[in-house]
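Student: The structure follows.
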There are 6 protein chains.
Amino acid sequence: MIPDFVITELVDRALAEDLHAGDLTTEALVSAEARGIARITAKSPLVVCGSRILARTFYQVDPGLRVEEHVNDGDLAQPGDLLWLAEGRTRGLLMAERTALNFVQHLSGIATLTRSYVDALPKGSQTRITDTRKTTPGLRQLERYAVRLGGGHNHRDSLGSAVLIKENHITAAGGVKPALDRARQHAPHTSRLEIEIERLDQLSDALAARADILLLDNFNDADVEAAVKQIKGRALVEVSGGISLERIPHLAALGVDVISVGALAHSAKAADISLRLESLSQG
Amino acid sequence: MIPDFVITELVDRALAEDLHAGDLTTEALVSAEARGIARITAKSPLVVCGSRILARTFYQVDPGLRVEEHVNDGDLAQPGDLLWLAEGRTRGLLMAERTALNFVQHLSGIATLTRSYVDALPKGSQTRITDTRKTTPGLRQLERYAVRLGGGHNHRDSLGSAVLIKENHITAAGGVKPALDRARQHAPHTSRLEIEIERLDQLSDALAARADILLLDNFNDADVEAAVKQIKGRALVEVSGGISLERIPHLAALGVDVISVGALAHSAKAADISLRLESLSQG
Amino acid sequence: MIPDFVITELVDRALAEDLHAGDLTTEALVSAEARGIARITAKSPLVVCGSRILARTFYQVDPGLRVEEHVNDGDLAQPGDLLWLAEGRTRGLLMAERTALNFVQHLSGIATLTRSYVDALPKGSQTRITDTRKTTPGLRQLERYAVRLGGGHNHRDSLGSAVLIKENHITAAGGVKPALDRARQHAPHTSRLEIEIERLDQLSDALAARADILLLDNFNDADVEAAVKQIKGRALVEVSGGISLERIPHLAALGVDVISVGALAHSAKAADISLRLESLSQG
Amino acid sequence: MIPDFVITELVDRALAEDLHAGDLTTEALVSAEARGIARITAKSPLVVCGSRILARTFYQVDPGLRVEEHVNDGDLAQPGDLLWLAEGRTRGLLMAERTALNFVQHLSGIATLTRSYVDALPKGSQTRITDTRKTTPGLRQLERYAVRLGGGHNHRDSLGSAVLIKENHITAAGGVKPALDRARQHAPHTSRLEIEIERLDQLSDALAARADILLLDNFNDADVEAAVKQIKGRALVEVSGGISLERIPHLAALGVDVISVGALAHSAKAADISLRLESLSQG
Amino acid sequence: MIPDFVITELVDRALAEDLHAGDLTTEALVSAEARGIARITAKSPLVVCGSRILARTFYQVDPGLRVEEHVNDGDLAQPGDLLWLAEGRTRGLLMAERTALNFVQHLSGIATLTRSYVDALPKGSQTRITDTRKTTPGLRQLERYAVRLGGGHNHRDSLGSAVLIKENHITAAGGVKPALDRARQHAPHTSRLEIEIERLDQLSDALAARADILLLDNFNDADVEAAVKQIKGRALVEVSGGISLERIPHLAALGVDVISVGALAHSAKAADISLRLESLSQG
Amino acid sequence: MIPDFVITELVDRALAEDLHAGDLTTEALVSAEARGIARITAKSPLVVCGSRILARTFYQVDPGLRVEEHVNDGDLAQPGDLLWLAEGRTRGLLMAERTALNFVQHLSGIATLTRSYVDALPKGSQTRITDTRKTTPGLRQLERYAVRLGGGHNHRDSLGSAVLIKENHITAAGGVKPALDRARQHAPHTSRLEIEIERLDQLSDALAARADILLLDNFNDADVEAAVKQIKGRALVEVSGGISLERIPHLAALGVDVISVGALAHSAKAADISLRLESLSQG
């Protein structure tokens with residue numbers, strides 16, 4: 001659940017991009033009293049995401065607009081399905097349209113792509129698909145929500161919520177063991193200790209220094225298999241880097257715990273959603 | 001040129017997502033005095049976009065960091081090319097890394113995709129490729145910049161800068177002619193009058209009412225050809241909707257003036273760019 | 001129509017100036033439970049502007065306050081006319097009073113001045129009176145709205161919405177023709193191309209290079225007449241600079257299309273509007 | 001002295017109005033490398049106000065721009081006087097121009113009008129001219145500064161800094177004496193107690209209840225004279241409402257301490273200031 | 001009364017600290033439909049402060065939450081007393097809980113400490129206890145409100161609302177008399193003139209130069225007594241610096257007008273308040 | 001390390017509270033050209049915290065001010081020690097003084113209190129002292145920094161960074177085991193699973209369900225001892241609630257891993273720090 005104040009702030013900022021100088025066309029052509037109904041429908045199969053954001057977008061333009069939700073976030077919609085219906089003064093409907101659609105198309109796109117990765121997991125698999133911090137600047141909280149709606153999990157939300165030791169940190173700390181020791185000593189006790197492994201020969205040091213999670217970075221399937229065997233459940237295994245949809249079933253079968261996929265957020269295509277307006281009265 | 005204050009505000013907001021609680025790992029493992037050099041390189045062919053944003057991202061984390069630009073925005077880079085080099089305290093370099101990359105990967109992705117559309121135009125073609133208002137919420141000004149860097153043009157930036165009469169407006173105004181007449185009467189004289197055409201039989205009315213630009217929405221190639229013939233240069237011709245890369249050469253050959261492509265902004269994949277840190281001193 | 005989120009943000013910022021430390025007098029003298037009615041009336045003839053802003057100002061101080069609109073924006077009011085009536089807790093009424101009045105006095109002042117220019121046009125004239133970008137910092141969207149309410153038109157809203165080539169641009173581009181050519185090549189196709197003309201001898205070049213709008217800067221009436229004759233309808237004619245109310249009829253009679261007047265926004269006097277409070281109960 | 005962070009915030013907000021979508025014309029016509037010098041000069045006699053704001057405006061667009069101040073705030077300038085000179089990349093100069101001028105024209109207009117009121121005081125007069133809270137929404141701190149630069153004084157800055165009891169408060173408190181007593185009891189001891197007098201017969205109560213300042217609201221000259229005689233220096237005397245420039249000498253001669261003039265801020269005309277750009281190199 | 005827009009802004013900022021990445025635990029364990037009642041009770045004797053802030057905190061997370069106020073701000077509560085009751089979706093209740101409590105514990109702590117100082121005054125004493133500008137960054141308006149709720153008074157709210165001449169100013173002005181003269185000449189006439197006295201021998205100069213308030217800084221009781229005798233009611237007497245609760249009765253008995261205590265805001269302990277949730281339905 | 005943009009935003013907001021209307025006294029008494037040196041010294045033993053914030057506060061008022069740091073954050077200072085020295089225009093020094101001190105007094109107060117808790121641990125103890133989410137609204141990141149400077153550790157920074165299951169969550173989930181199972185299933189794999197235990201008899205369930213951290217809430221020393229014995233190192237042990245300084249040595253001796261103390265942030269007294277100004281020139 002995204003708190004209401006977060007949504008409002010994001011919506012206001014996005015609306016400002018489109019409406020900082022009003023809407024020339026609508027003001028010239030549509031009477032202030034005209035009323036209408038906007039039907040928002042799916043044009044391709046998609047996982048719905050962004051109901052409350054869409055509703056808030058119409059509201060921030062004109063508090064007199066009313067939005068009906070015909071789906072819940074996370075539902076799978078088929079082309080032609082009615083998703084939402086907005087009603088009220090036509091001017092407000094037209095002024096909010098593009099911004100509202102930009103939000104739900106972006107988020108539903110991410111939810112839909114995530115779902116395709118999750119669906120590629122073998123039945124009953126315990127492996128989880130997660131996002132990364134490779135998110136669109138300014139939209140991280142929304143995009144993480146979309147990933148969850150698509151059946152995925154979130155990775156740490158920021159640099160301040162959990163420890164992930166990367167190659168540069170290992171170098172700075174003088175090796176795998178001192179890196180993990182210093183992290184254990186300084187970081188909040190609430191965070192697991194994750195360390196990025198770039199070569200198989202780093203594994204034993206990381207296990208000896210009691211890493212909680214091993215992130216195998218850019219490993220091919222054979223190396224992942226070798227790593228999982230060596231780890232033997234002593235740490236969670238995460239793989240990342242160059243993860244295509246095709247590799248998911250095999251990686252899951254190897255017993256990997258977590259597959260993190262930056263593309264979920266940064267390379268999803270916008271879902272196809274459209275709005276049709278029906279005039280109720282010309283005002 | 002994006003004004004400096006715009007960049008600063010966007011950078012601060014994006015950094016806050018990653019650093020609202022500091023950087024647990026870096027603070028635990030990297031000394032406050034350690035210094036390093038970060039080399040940022042292309043991992044795939046791309047059109048570079050975002051130099052000043054990247055530099056500002058490092059600066060806002062630590063004003064002591066220094067960034068060298070080895071490319072200019074708009075340059076074509078090949079895998080392995082050094083794009084930027086940042087130098088200073090290692091902590092700041094690591095804390096700014098992900099946000100800086102998220103910006104330039106997103107923007108270079110858009111510039112690169114735009115370039116592929118522009119390159120698909122026949123040599124010497126006068127047809128232009130433009131973006132639409134289907135942009136990522138909060139990033140419109142940056143994304144429009146990326147489209148220009150990729151050789152594309154911008155469409156109107158917002159609802160307040162130019163007139164574009166859509167089906168809903170025509171209905172509200174009572175037809176094509178009254179719609180154009182009212183727009184001509186009320187909208188700023190600096191705006192051309194563009195009208196969206198959904199069927200060939202609307203063309204003659206729009207021309208009679210002196211539309212400046214005709215937007216052919218979701219027309220197939222045959223209908224575009226028929227329209228162009230009927231229009232005979234009396235208005236600019238724009239096509240939009242369902243524009244794949246493959247259609248570009250033919251549409252250009254038909255003499256279309258503008259091809260607007262929402263996918264440039266909302267469905268580009270992030271460009272592949274990575275940062276490697278070299279330690280200068282451990283502090 | 002100004003979107004609600006825009007109004008809210010402007011109102012909050014203005015209220016903060018007056019209430020960052022509360023209201024010493026009201027808190028000391030007025031009981032928290034006291035209720036009253038505030039009658040807001042015109043004290044001089046004016047064009048009403050700012051109803052929704054006024055209502056929002058009271059609401060942001062105390063959501064329990066209720067505002068009745070006795071006029072519509074754009075109405076002409078005479079001294080003594082009741083414009084708005086606000087009702088609720090007296091404290092909130094008094095705390096919001098000055099900020100609410102500052103908004104509507106400023107905006108109604110602009111609308112009223114604009115109306116006087118528009119009324120100076122000959123009956124049936126097609127000439128339009130517009131604002132310029134010489135607006136009060138921070139209030140441009142509101143002031144443009146006030147100009148429309150007064151019967152005027154808006155010019156381009158910002159540097160990003162339409163092309164206007166000024167002397168400095170001509171110099172930079174190397175002449176009138178290269179300037180217009182480059183603008184035609186690079187700027188969005190939705191913008192007309194306007195060019196500022198400082199001397200009659202620049203006209204022919206501008207017409208030859210197909211400028212859409214010619215802005216005659218600081219021309220006296222004789223030169224305007226000469227220019228209009230030379231242009232012969234091949235471009236829209238705008239005059240600007242040193243426009244007094246007295247010149248309007250003659251300029252319109254000459255067939256000028258647009259008269260842009262910076263003074264509408266930057267030199268209008270505040271309209272005279274006052275608030276009287278009637279006590280309903282002392283709490 | 002206005003703190004730097006205040007200026008920066010106001011400047012950023014104003015620039016956003018003009019540059020939220022960049023500058024179409026400048027980007028199309030001016031090379032990124034072109035450099036120039038902008039000379040900003042007075043076109044009418046004026047009291048200069050806003051040097052640091054102007055400099056900050058150029059800086060926020062492009063930190064590489066440099067501004068030379070040829071005058072100090074508060075100086076009297078004559079038509080033709082060079083006020084400021086800005087130098088650097090031509091694009092930045094042109095993009096910041098209008099916003100920078102809007103600030104200094106507005107503020108110098110207020111300073112100049114204030115000076116005319118102050119100059120209307122008899123030589124050696126102890127009477128002060130002050131502003132009121134009738135300021136432009138969002139610009140109060142700047143406008144108060146402009147009033148001081150013009151030789152005027154400021155009234156209380158907000159509802160939270162000093163007590164001013166108006167008719168509505170008197171009614172709410174049940175009379176002049178209880179109003180002053182409650183204010184004395186509850187308000188900060190750092191504030192003088194000012195009370196608005198609408199009729200001569202309220203004077204004796206206000207004096208008996210030890211008001212520090214008596215605000216004579218909308219009194220004609222004869223009534224002011226009567227009031228001053230009755231007050232005999234037991235309280236400061238302020239007059240407000242319907243104050244024209246012509247009344248100043250007589251009011252001062254009557255021994256009034258303070259003349260507060262809302263028009264200083266809300267009805268000043270913008271000062272006439274222009275910018276001319278000289279090209280240094282075309283880039 | 002704190003205006004609603006002020007509260008909303010403070011609440012949003014505080015909520016962002018806790019919810020920038022949602023609430024992992026609540027989202028994992030509590031169904032979106034589950035509903036509950038939160039009872040918020042005092043755990044120690046306290047002066048209640050922050051009712052509207054608490055209600056707004058729940059509202060900004062979920063506008064569907066409803067808060068009942070069982071106390072008024074300023075009431076004295078005993079351990080076990082029910083203060084507020086919030087009802088609605090369990091997720092929202094849990095997500096807002098900590099931020100809401102942080103506000104009311106902080107503010108009630110200040111109100112409670114203030115009350116203890118006020119209660120230490122002799123019965124019927126005219127001496128007032130005030131805060132200072134030593135407040136928590138970002139919370140001044142709220143903390144000043146809490147002081148009033150505890151029975152204290154506010155000092156000036158900021159550097160811009162009243163004159164207080166300190167040692168550094170005296171030095172800069174060249175002595176007590178020139179300092180007061182310049183302040184009288186330049187500062188708003190609405191402000192009393194207060195001057196800080198560090199030694200008894202400065203008193204006569206300050207009185208001669210007609211200071212309105214004398215601030216005795218870090219005086220011991222004997223020196224305060226000497227000063228009060230010398231001042232003889234010609235100015236208000238304020239003492240500050242090293243004020244313990246134990247000194248209050250004696251200082252009041254000496255006839256001091258104002259005792260200003262920085263500790264009210266900067267060193268109060270948080271009041272002990274807790275929230276217990278009762279489940280209404282599991283959703 | 002707190003990123004620079006975070007500090008700037010906090011400083012601007014705090015300065016606005018004191019300077020929204022300028023500084024009446026300083027502007028009246030101090031010449032714009034006067035220069036001085038401000039020496040900021042400790043008046044009581046304290047752990048220094050806030051150097052960069054203090055420097056930024058002066059800078060945001062006047063970028064011409066220069067600050068020398070004579071201590072590092074985390075140093076122990078004795079009464080009389082010079083901490084920082086600021087130099088430049090006297091006006092800026094005086095205008096920034098109070099806000100700068102408010103920051104460093106608040107943060108040094110927290111660092112100093114934290115140090116006293118850490119110093120109460122037995123030599124060589126592995127027990128850590130942590131903060132909680134009971135922080136001052138708006139200042140969490142700064143206060144967490146101060147706790148680290150004092151030798152303490154941070155707990156999770158927000159609801160979004162780690163799982164902590166409280167009584168209300170257990171109830172909602174239907175018991176300890178389902179609660180931990182659902183958390184393990186849904187929450188990011190980077191977070192340890194912490195659960196709050198209110199009674200000894202809940203321990204075995206929590207251990208069986210593989211909690212990573214057990215938070216013993218309001219346990220007395222005897223119950224803590226019993227719990228530690230039962231846990232036998234199978235989970236980290238945290239104690240919280242009613243932690244006085246006196247209990248620290250015994251709790252540490254019992255082998256508790258973490259002692260979390262809300263009072264560090266919400267009930268620390270401001271450290272005593274003062275600024276003395278020396279005039280360099282009167283301007």
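To be explicit about the labels: the chains of the structure tokens are called A, B, and onward in the order shown, and within each one the residues are counted from 1, while ligands get numbers from 1 in the order they are shown.
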If the cut-off is 9 Å, can you tell me the residues of chain A near chain D, counting only C-alpha atoms? I'd like them as a PDB file with all heavy atoms, in the first residue's frame.
Tutor:
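Result saved to result.pdb:
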```
ATOM      1  N   GLU A  17       3.818  19.007 -15.445  1.00  0.00           N
ATOM      2  CA  GLU A  17       4.496  18.945 -16.740  1.00  0.00           C
ATOM      3  C   GLU A  17       3.535  19.192 -17.901  1.00  0.00           C
ATOM      4  O   GLU A  17       3.918  19.728 -18.934  1.00  0.00           O
ATOM      5  CB  GLU A  17       5.138  17.566 -16.930  1.00  0.00           C
ATOM      6  CG  GLU A  17       6.249  17.265 -15.957  1.00  0.00           C
ATOM      7  CD  GLU A  17       6.899  15.933 -16.271  1.00  0.00           C
ATOM      8  OE1 GLU A  17       6.172  14.968 -16.615  1.00  0.00           O
ATOM      9  OE2 GLU A  17       8.123  15.844 -16.148  1.00  0.00           O
ATOM     10  N   HIS A  20       1.209  23.152 -16.879  1.00  0.00           N
ATOM     11  CA  HIS A  20       1.766  24.401 -16.314  1.00  0.00           C
ATOM     12  C   HIS A  20       1.225  25.626 -17.014  1.00  0.00           C
ATOM     13  O   HIS A  20       1.301  26.726 -16.477  1.00  0.00           O
ATOM     14  CB  HIS A  20       3.295  24.383 -16.333  1.00  0.00           C
ATOM     15  CG  HIS A  20       3.879  23.942 -17.615  1.00  0.00           C
ATOM     16  ND1 HIS A  20       3.794  24.670 -18.749  1.00  0.00           N
ATOM     17  CD2 HIS A  20       4.541  22.815 -17.932  1.00  0.00           C
ATOM     18  CE1 HIS A  20       4.385  24.022 -19.723  1.00  0.00           C
ATOM     19  NE2 HIS A  20       4.838  22.874 -19.268  1.00  0.00           N
ATOM     20  N   ALA A  21       0.692  25.451 -18.187  1.00  0.00           N
ATOM     21  CA  ALA A  21       0.089  26.601 -18.871  1.00  0.00           C
ATOM     22  C   ALA A  21      -1.346  26.293 -19.287  1.00  0.00           C
ATOM     23  O   ALA A  21      -1.854  26.834 -20.260  1.00  0.00           O
ATOM     24  CB  ALA A  21       0.945  26.982 -20.073  1.00  0.00           C
TER      25      ALA A  21
END
```
Student: Residues at most 7 Å from Phe58 of chain A, counting only C-alpha atoms, excluding those fewer than 5 positions away in the same chain, as a list in words?
Tutor: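 Everything that qualifies: Leu65, Leu93 and Ala96 of chain A.
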Student: Mind writing the picked residues with N, CA and C atoms as a PDB file, in the first residue's frame?
Tutor:
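Final file, selection-v5.pdb:
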```pdb
ATOM      1  N   LEU A  65     -14.415  15.383  -9.991  1.00  0.00           N
ATOM      2  CA  LEU A  65     -14.431  14.169 -10.817  1.00  0.00           C
ATOM      3  C   LEU A  65     -14.524  12.930  -9.923  1.00  0.00           C
ATOM      4  N   LEU A  93     -11.698  15.972 -17.245  1.00  0.00           N
ATOM      5  CA  LEU A  93     -11.411  14.635 -17.787  1.00  0.00           C
ATOM      6  C   LEU A  93     -10.330  14.717 -18.859  1.00  0.00           C
ATOM      7  N   ALA A  96      -6.741  15.767 -17.435  1.00  0.00           N
ATOM      8  CA  ALA A  96      -6.030  14.757 -16.637  1.00  0.00           C
ATOM      9  C   ALA A  96      -5.684  13.517 -17.444  1.00  0.00           C
TER      10      ALA A  96
END
```
Student: Please identify all polymer residues within 8 Å of segment 211-227 of chain F, counting only C-alpha atoms, omitting same-chain residues fewer than 4 positions from it, and present them as a list in words.
Tutor: Thr190 of chain A; Leu180, Arg192, Leu193, Glu194, Ile195, Glu196, Ile197, Glu198, Leu200, Leu203, Ala206, Leu207, Ile231, Arg234, Ala235, Leu236, Val237, Glu238, Val239, Ser240, Gly241, Gly242, His250, Leu251 and Leu254 of chain F
Student: Could you write out that same residue set with N, CA, C and O atoms as an mmCIF file, in the first residue's frame?
Tutor:
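Done, and the output landed in part06.cif:
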```cif
data_model
loop_
_atom_site.group_PDB
_atom_site.id
_atom_site.type_symbol
_atom_site.label_atom_id
_atom_site.label_comp_id
_atom_site.auth_asym_id
_atom_site.auth_seq_id
_atom_site.Cartn_x
_atom_site.Cartn_y
_atom_site.Cartn_z
ATOM 1 N N THR A 190 19.658 -5.359 11.729
ATOM 2 C CA THR A 190 18.447 -5.808 11.042
ATOM 3 C C THR A 190 18.721 -6.223 9.601
ATOM 4 O O THR A 190 17.851 -6.793 8.949
ATOM 5 N N LEU F 180 5.856 -15.083 11.184
ATOM 6 C CA LEU F 180 7.223 -15.210 10.668
ATOM 7 C C LEU F 180 7.237 -15.865 9.294
ATOM 8 O O LEU F 180 8.032 -15.495 8.423
ATOM 9 N N ARG F 192 16.699 -9.168 7.834
ATOM 10 C CA ARG F 192 16.528 -10.175 8.878
ATOM 11 C C ARG F 192 15.091 -10.087 9.381
ATOM 12 O O ARG F 192 14.406 -9.088 9.183
ATOM 13 N N LEU F 193 14.645 -11.136 10.030
ATOM 14 C CA LEU F 193 13.285 -11.166 10.568
ATOM 15 C C LEU F 193 13.342 -10.981 12.076
ATOM 16 O O LEU F 193 13.843 -11.841 12.804
ATOM 17 N N GLU F 194 12.837 -9.850 12.510
ATOM 18 C CA GLU F 194 12.850 -9.559 13.940
ATOM 19 C C GLU F 194 11.424 -9.610 14.449
ATOM 20 O O GLU F 194 10.487 -9.198 13.766
ATOM 21 N N ILE F 195 11.271 -10.135 15.664
ATOM 22 C CA ILE F 195 9.938 -10.227 16.239
ATOM 23 C C ILE F 195 9.978 -9.751 17.685
ATOM 24 O O ILE F 195 10.938 -10.029 18.411
ATOM 25 N N GLU F 196 8.959 -9.041 18.062
ATOM 26 C CA GLU F 196 8.881 -8.498 19.415
ATOM 27 C C GLU F 196 8.227 -9.519 20.335
ATOM 28 O O GLU F 196 7.143 -10.029 20.019
ATOM 29 N N ILE F 197 8.852 -9.773 21.442
ATOM 30 C CA ILE F 197 8.378 -10.759 22.415
ATOM 31 C C ILE F 197 7.944 -10.015 23.665
ATOM 32 O O ILE F 197 8.719 -9.238 24.225
ATOM 33 N N GLU F 198 6.732 -10.224 24.079
ATOM 34 C CA GLU F 198 6.261 -9.529 25.271
ATOM 35 C C GLU F 198 6.227 -10.441 26.499
ATOM 36 O O GLU F 198 6.105 -9.973 27.627
ATOM 37 N N LEU F 200 7.800 -14.384 28.128
ATOM 38 C CA LEU F 200 8.765 -15.476 27.962
ATOM 39 C C LEU F 200 8.172 -16.662 27.208
ATOM 40 O O LEU F 200 8.866 -17.345 26.449
ATOM 41 N N LEU F 203 8.738 -17.239 23.429
ATOM 42 C CA LEU F 203 10.091 -17.450 22.904
ATOM 43 C C LEU F 203 10.231 -18.702 22.055
ATOM 44 O O LEU F 203 10.826 -18.687 20.964
ATOM 45 N N ALA F 206 8.831 -18.488 18.560
ATOM 46 C CA ALA F 206 9.620 -17.611 17.698
ATOM 47 C C ALA F 206 10.904 -18.305 17.250
ATOM 48 O O ALA F 206 11.326 -18.194 16.091
ATOM 49 N N LEU F 207 11.517 -19.036 18.161
ATOM 50 C CA LEU F 207 12.749 -19.747 17.795
ATOM 51 C C LEU F 207 12.436 -20.871 16.814
ATOM 52 O O LEU F 207 13.177 -21.097 15.845
ATOM 53 N N ILE F 231 17.504 -18.890 24.668
ATOM 54 C CA ILE F 231 17.807 -18.627 23.246
ATOM 55 C C ILE F 231 19.115 -19.291 22.822
ATOM 56 O O ILE F 231 19.234 -19.795 21.709
ATOM 57 N N ARG F 234 20.737 -18.869 19.332
ATOM 58 C CA ARG F 234 20.054 -19.229 18.080
ATOM 59 C C ARG F 234 19.477 -18.010 17.364
ATOM 60 O O ARG F 234 19.048 -18.099 16.221
ATOM 61 N N ALA F 235 19.418 -16.890 18.070
ATOM 62 C CA ALA F 235 18.945 -15.643 17.462
ATOM 63 C C ALA F 235 19.636 -14.489 18.171
ATOM 64 O O ALA F 235 20.117 -14.649 19.302
ATOM 65 N N LEU F 236 19.687 -13.353 17.509
ATOM 66 C CA LEU F 236 20.196 -12.165 18.187
ATOM 67 C C LEU F 236 19.168 -11.728 19.218
ATOM 68 O O LEU F 236 17.963 -11.872 19.010
ATOM 69 N N VAL F 237 19.656 -11.186 20.328
ATOM 70 C CA VAL F 237 18.766 -10.751 21.403
ATOM 71 C C VAL F 237 18.829 -9.233 21.525
ATOM 72 O O VAL F 237 19.906 -8.666 21.704
ATOM 73 N N GLU F 238 17.684 -8.600 21.391
ATOM 74 C CA GLU F 238 17.601 -7.146 21.561
ATOM 75 C C GLU F 238 16.662 -6.860 22.723
ATOM 76 O O GLU F 238 15.621 -7.504 22.858
ATOM 77 N N VAL F 239 17.032 -5.898 23.553
ATOM 78 C CA VAL F 239 16.115 -5.480 24.622
ATOM 79 C C VAL F 239 15.754 -4.020 24.410
ATOM 80 O O VAL F 239 16.552 -3.231 23.912
ATOM 81 N N SER F 240 14.547 -3.701 24.790
ATOM 82 C CA SER F 240 14.079 -2.331 24.600
ATOM 83 C C SER F 240 12.987 -2.020 25.609
ATOM 84 O O SER F 240 12.329 -2.921 26.135
ATOM 85 N N GLY F 241 12.793 -0.738 25.889
ATOM 86 C CA GLY F 241 11.710 -0.338 26.791
ATOM 87 C C GLY F 241 12.224 -0.140 28.203
ATOM 88 O O GLY F 241 12.763 -1.063 28.815
ATOM 89 N N GLY F 242 12.084 1.055 28.707
ATOM 90 C CA GLY F 242 12.483 1.319 30.087
ATOM 91 C C GLY F 242 13.956 1.098 30.354
ATOM 92 O O GLY F 242 14.348 0.610 31.405
ATOM 93 N N HIS F 250 24.645 -4.297 33.408
ATOM 94 C CA HIS F 250 24.109 -5.621 33.711
ATOM 95 C C HIS F 250 23.532 -6.283 32.458
ATOM 96 O O HIS F 250 23.763 -7.476 32.205
ATOM 97 N N LEU F 251 22.798 -5.515 31.671
ATOM 98 C CA LEU F 251 22.220 -6.080 30.441
ATOM 99 C C LEU F 251 23.328 -6.570 29.511
ATOM 100 O O LEU F 251 23.215 -7.635 28.889
ATOM 101 N N LEU F 254 24.754 -9.791 30.662
ATOM 102 C CA LEU F 254 23.881 -10.938 30.405
ATOM 103 C C LEU F 254 24.049 -11.474 28.988
ATOM 104 O O LEU F 254 23.500 -12.524 28.647
#
```
Student: Do you know which residues are at most 9 Å from segment 42-54 of chain A counting only C-alpha atoms, after dropping those on the same chain fewer than 4 positions away, and could you put them as a ChimeraX atom specification?
Tutor: /A:4,7-8,10-11,58-59,67,69,71-84,99-101,103-113,115,142,145-146,149-150,271-274
Student: For a test of reading the model, state the distance in Å between atom CA of Arg199 of chain C and atom CA of Val176 of chain C, rounded to one decimal.
Tutor: 12.2 Å
Student: Tell me, in Å to one decimal, how far atom CA of Arg156 of chain A is from atom CA of Gln126 of chain A.
Tutor: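 Distance between the two atoms: 19.0 Å.
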Student: With distances taken over only C-alpha atoms, which of A:Arg133, A:Lys229, A:His266, A:Arg39 is nearest to Leu19 of chain B?
Tutor: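 Residue with the minimum atom-to-atom distance to Leu19 of chain B: A:Arg133.
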Student: Which polymer residues have any atom within 9 Å of an atom of His153 of chain D, counting only C-alpha atoms, with same-chain residues fewer than 6 positions away left out, as a ChimeraX atom specification?
Tutor: /D:128-131,144,147 /E:186-189
Student: DSSP on the backbone, then: every residue of segment 45-218 of chain E marked helix (DSSP H, G or I), written as an NGL selection string.
Tutor: :E and (51-61 or 90-119 or 140-149 or 167-173 or 176-186 or 200-208)
Student: Write out as number ranges by chain all residues of segment 39-247 of chain D that DSSP puts in strand (DSSP E or B) for this structure's backbone.
Tutor: D: 39-42, 46-47, 66-69, 76-77, 82-89, 128-130, 153, 163-165, 191, 193-197, 213-217, 236-240
Student: Mind giving me the straight-line distance from atom CA of Gly124 of chain F to atom CA of Arg148 of chain F in Å, one decimal?
Tutor: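 One can read the atom CA of Gly124 of chain F to atom CA of Arg148 of chain F distance as 17.9 Å.
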Student: Skipping near chain neighbours, those fewer than 6 positions away, what residues fall within 7 Å of Leu121 of chain E using only C-alpha atoms, listed as a PyMOL selection string?
Tutor: chain E and resi 248-249+252
Student: Store the residues of this selection in a file with C-alpha atoms, as a PDB file, in the first residue's frame.
Tutor:
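Writing the result to selection_10.pdb gives the following:
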```
ATOM      1  CA  ILE E 248      11.057  30.682  39.237  1.00  0.00           C
ATOM      2  CA  PRO E 249       9.184  31.596  42.459  1.00  0.00           C
ATOM      3  CA  ALA E 252       8.570  36.145  40.059  1.00  0.00           C
TER       4      ALA E 252
END
```
